[in-house]
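First up is the structure itself, then whatever we jot down about it.
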Amino acid sequence: MKLDRPVTGGPCWTELGTSDLEAAKRFYSDLLGWRPETDPRQEAGGYTVAHLGDAPVAAITPLYQDSQPVAWNVSFAVADVDAAAEAVTAAGGTVVLGPMDVFDVGRFAVAFDPGGATFQLWQARSFPGAGLFNAPGALGWVELLTRAPDRVTEFYTTVFGWTVNASEHYTQWGIEGADFGGMLTMDDKFPHEVPSHWLPYFAVEDVDATANAAVGAGGSMLMEPTSVPDGPRIAVLRDPQGAVFGIHVAGEEG
């Protein structure tokens with residue numbers, strides 16, 4: 001992505017809700033070089049922040065509700081989460097949690113876009129989000145997989161003011177032209193039961209080696225390493241608990 005820090009309207013954080021916190025901590029630490037730190041406060045509910053060096057790059061959390069799927073989620077930075085939540089509703093989305101405060105670090109809400117993909121709104125206080133983008137082990141791209149491309153394009157450009165760089169096969173999202181992610185239309189190759197969703201991609205030094213290491217650690221490949229025409233080498237993986245994420249070569253934008 002062409003962003004090197006969280007900016008208003010752009011992706012600022014990604015977190016995994018998982019059925020096995022300790023196993024997920026081991027898997028991603030070994031795969032991406034993370035150093036996880038679990039908040040010891042009982043009211044934090046096991047919230048774990050993963051670091052590369054001193055920089056926070058992602059979070060891993062237990063599942064907080066029985067209905068919550070094992071999945072990665074993406075958060076977008078907003079100046080006022082209450083106003084953004086109202087904008088989401090007005091544009092045809094649905095706010096399903098919040099807005100609510102998270103200690104003194106920020107205020108957030110969870111929403112669905114009109115195509116059914118979940119995302120989060122984050123209003124920073126003491127915590128702006130990821131301290132590192134695009135480096136090996138850090139978030140480098142976010143991708144929306146949807147069955148309603150026209151409807152959600154109108155939704156996200158209305159809510160966040162994103163710029164749109166569209167080609168015949170792929171649409172890229174940006175902040176004032178600085179692309180940070182994209183959109184892929186889900187066709188008949190995707191099983192009907194797979195919902196629309198946001199997919200984080202982490203930068204790695206070697207896509208093939210990382211994908212093989214994930215399989216060796218109990219994960220699986222949903223898309224084997226592939227070189228995108230005029231783009232990076234990528235792969236899509238599933239961790240041992242079932243969460244899906246992507247990887248791409250560090251230094252090569254989507």
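Chains: A, B, ... in order of the structure tokens. Residues: from 1 per chain. Ligands: from 1, in order shown.
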Next item on the list: Write down as a ChimeraX atom specification the residues belonging to range 10-192 of chain A that are assigned strand (DSSP E) by DSSP computed on the backbone.
Entry: /A:11-18,35-38,48-52,55-62,71-77,94-102,106-112,118-124,139-146,163-166,171-175,178-185
Next item on the list: Please identify all polymer residues within 6 Å of Cys12 in chain A, counting only C-alpha atoms, omitting same-chain residues fewer than 3 positions from it, and present them as a count of residues only.
Entry: 6
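Considering the residues A:Val142, A:Pro200, A:His248, A:Ala213 and counting only C-alpha atoms, Thr226 in chain A has its shortest atom-to-atom contact with A:His248.
CA of Tyr156 in chain A is found 12.0 Å from CA of Gln172 in chain A.
Proximity ranking of A:Ser167, A:Thr94, A:Ser196, A:Thr48 relative to Ala117 in chain A places A:Ser196 first, based on only C-alpha atoms.
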Note to self: I'd like the contact shell of Val102 in chain A - 12 Å cut-off, only C-alpha atoms, skipping same-chain residues fewer than 2 positions apart - returned as a list in words.
What the structure shows: Glu43, Ala44, Gly45, Tyr47, Gly98, Pro99, Met100, Asp104, Val105, Gly106, Arg107, Phe108, Ala109, Trp122, Gln123, Ala124, Arg125, Ser126 and Phe127 of chain A
Neighbours of Val249 in chain A within 10 Å (only C-alpha atoms; same-chain residues fewer than 2 positions away dropped), as a PDB file with N, CA and C atoms, in the first residue's frame?
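Output saved as selection-v3.pdb:
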```
ATOM      1  N   ASN A 134       3.730  -2.374   5.451  1.00  0.00           N
ATOM      2  CA  ASN A 134       4.496  -2.762   4.258  1.00  0.00           C
ATOM      3  C   ASN A 134       5.803  -3.510   4.522  1.00  0.00           C
ATOM      4  N   ALA A 135       6.322  -3.495   5.716  1.00  0.00           N
ATOM      5  CA  ALA A 135       7.545  -4.229   6.044  1.00  0.00           C
ATOM      6  C   ALA A 135       7.214  -5.704   6.255  1.00  0.00           C
ATOM      7  N   PRO A 136       8.200  -6.610   6.112  1.00  0.00           N
ATOM      8  CA  PRO A 136       7.924  -8.031   6.341  1.00  0.00           C
ATOM      9  C   PRO A 136       7.278  -8.281   7.705  1.00  0.00           C
ATOM     10  N   GLY A 140       0.152  -4.970   4.610  1.00  0.00           N
ATOM     11  CA  GLY A 140       0.596  -4.316   3.391  1.00  0.00           C
ATOM     12  C   GLY A 140      -0.499  -4.051   2.379  1.00  0.00           C
ATOM     13  N   TYR A 201      -3.725  -8.532   3.845  1.00  0.00           N
ATOM     14  CA  TYR A 201      -2.515  -9.138   3.284  1.00  0.00           C
ATOM     15  C   TYR A 201      -1.315  -8.632   4.079  1.00  0.00           C
ATOM     16  N   PHE A 202      -0.453  -9.566   4.486  1.00  0.00           N
ATOM     17  CA  PHE A 202       0.768  -9.209   5.199  1.00  0.00           C
ATOM     18  C   PHE A 202       1.963  -9.327   4.254  1.00  0.00           C
ATOM     19  N   ALA A 203       2.871  -8.382   4.361  1.00  0.00           N
ATOM     20  CA  ALA A 203       4.078  -8.414   3.547  1.00  0.00           C
ATOM     21  C   ALA A 203       5.040  -9.468   4.084  1.00  0.00           C
ATOM     22  N   VAL A 204       5.689 -10.169   3.194  1.00  0.00           N
ATOM     23  CA  VAL A 204       6.694 -11.174   3.568  1.00  0.00           C
ATOM     24  C   VAL A 204       7.862 -11.071   2.587  1.00  0.00           C
ATOM     25  N   GLU A 205       8.990 -11.595   2.970  1.00  0.00           N
ATOM     26  CA  GLU A 205      10.162 -11.552   2.090  1.00  0.00           C
ATOM     27  C   GLU A 205      10.063 -12.584   0.970  1.00  0.00           C
ATOM     28  N   ASP A 206       9.450 -13.737   1.245  1.00  0.00           N
ATOM     29  CA  ASP A 206       9.381 -14.824   0.276  1.00  0.00           C
ATOM     30  C   ASP A 206       8.011 -15.484   0.381  1.00  0.00           C
ATOM     31  N   VAL A 207       7.154 -15.225  -0.593  1.00  0.00           N
ATOM     32  CA  VAL A 207       5.793 -15.746  -0.562  1.00  0.00           C
ATOM     33  C   VAL A 207       5.771 -17.268  -0.574  1.00  0.00           C
ATOM     34  N   ASP A 208       6.570 -17.886  -1.431  1.00  0.00           N
ATOM     35  CA  ASP A 208       6.554 -19.349  -1.552  1.00  0.00           C
ATOM     36  C   ASP A 208       7.008 -20.012  -0.258  1.00  0.00           C
ATOM     37  N   SER A 227       2.007 -15.029  -9.291  1.00  0.00           N
ATOM     38  CA  SER A 227       2.495 -13.704  -9.669  1.00  0.00           C
ATOM     39  C   SER A 227       1.396 -12.980 -10.438  1.00  0.00           C
ATOM     40  N   GLY A 231       1.776  -6.874 -11.075  1.00  0.00           N
ATOM     41  CA  GLY A 231       1.574  -6.747  -9.632  1.00  0.00           C
ATOM     42  C   GLY A 231       2.517  -7.647  -8.867  1.00  0.00           C
ATOM     43  N   PRO A 232       2.233  -7.871  -7.588  1.00  0.00           N
ATOM     44  CA  PRO A 232       3.144  -8.639  -6.739  1.00  0.00           C
ATOM     45  C   PRO A 232       2.902 -10.139  -6.825  1.00  0.00           C
ATOM     46  N   ARG A 233       3.748 -10.897  -6.188  1.00  0.00           N
ATOM     47  CA  ARG A 233       3.516 -12.323  -5.984  1.00  0.00           C
ATOM     48  C   ARG A 233       2.723 -12.455  -4.691  1.00  0.00           C
ATOM     49  N   ILE A 234       1.641 -13.220  -4.738  1.00  0.00           N
ATOM     50  CA  ILE A 234       0.725 -13.306  -3.613  1.00  0.00           C
ATOM     51  C   ILE A 234       0.322 -14.756  -3.361  1.00  0.00           C
ATOM     52  N   ALA A 235      -0.249 -14.994  -2.194  1.00  0.00           N
ATOM     53  CA  ALA A 235      -0.889 -16.268  -1.868  1.00  0.00           C
ATOM     54  C   ALA A 235      -1.960 -15.987  -0.833  1.00  0.00           C
ATOM     55  N   ILE A 247      -0.813 -13.035   1.784  1.00  0.00           N
ATOM     56  CA  ILE A 247       0.573 -12.581   1.904  1.00  0.00           C
ATOM     57  C   ILE A 247       1.015 -12.072   0.537  1.00  0.00           C
ATOM     58  N   GLY A 251       7.518  -4.759  -0.391  1.00  0.00           N
ATOM     59  CA  GLY A 251       8.082  -3.818  -1.346  1.00  0.00           C
ATOM     60  C   GLY A 251       7.385  -3.819  -2.683  1.00  0.00           C
ATOM     61  N   GLU A 252       6.445  -4.742  -2.878  1.00  0.00           N
ATOM     62  CA  GLU A 252       5.674  -4.792  -4.126  1.00  0.00           C
ATOM     63  C   GLU A 252       4.209  -4.533  -3.789  1.00  0.00           C
ATOM     64  N   GLU A 253       3.672  -3.427  -4.255  1.00  0.00           N
ATOM     65  CA  GLU A 253       2.309  -3.033  -3.920  1.00  0.00           C
ATOM     66  C   GLU A 253       1.307  -3.838  -4.730  1.00  0.00           C
ATOM     67  N   GLY A 254       0.086  -3.926  -4.132  1.00  0.00           N
ATOM     68  CA  GLY A 254      -0.975  -4.623  -4.837  1.00  0.00           C
ATOM     69  C   GLY A 254      -1.519  -3.819  -5.995  1.00  0.00           C
TER      70      GLY A 254
END
```
Note to self: as a PyMOL selection string, please: the residues near Ala87 in chain A (cut-off 6 Å, only C-alpha atoms, same-chain neighbours under 3 positions excluded).
What the structure shows: chain A and resi 84+90+159
Grab the residues selected above and save them as a PDB file, in the first residue's frame with C-alpha atoms.
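File part.pdb, as written:
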```
ATOM      1  CA  ALA A  84     -19.049   7.850  10.877  1.00  0.00           C
ATOM      2  CA  ALA A  90     -27.346   6.633   5.955  1.00  0.00           C
ATOM      3  CA  VAL A 159     -18.679   7.010   3.828  1.00  0.00           C
TER       4      VAL A 159
END
```
Item checked: Nearest residue to Thr158 in chain A from the set A:Leu31, A:Ala91, A:Leu3, A:Val49 (distances using only C-alpha atoms) -> A:Ala91
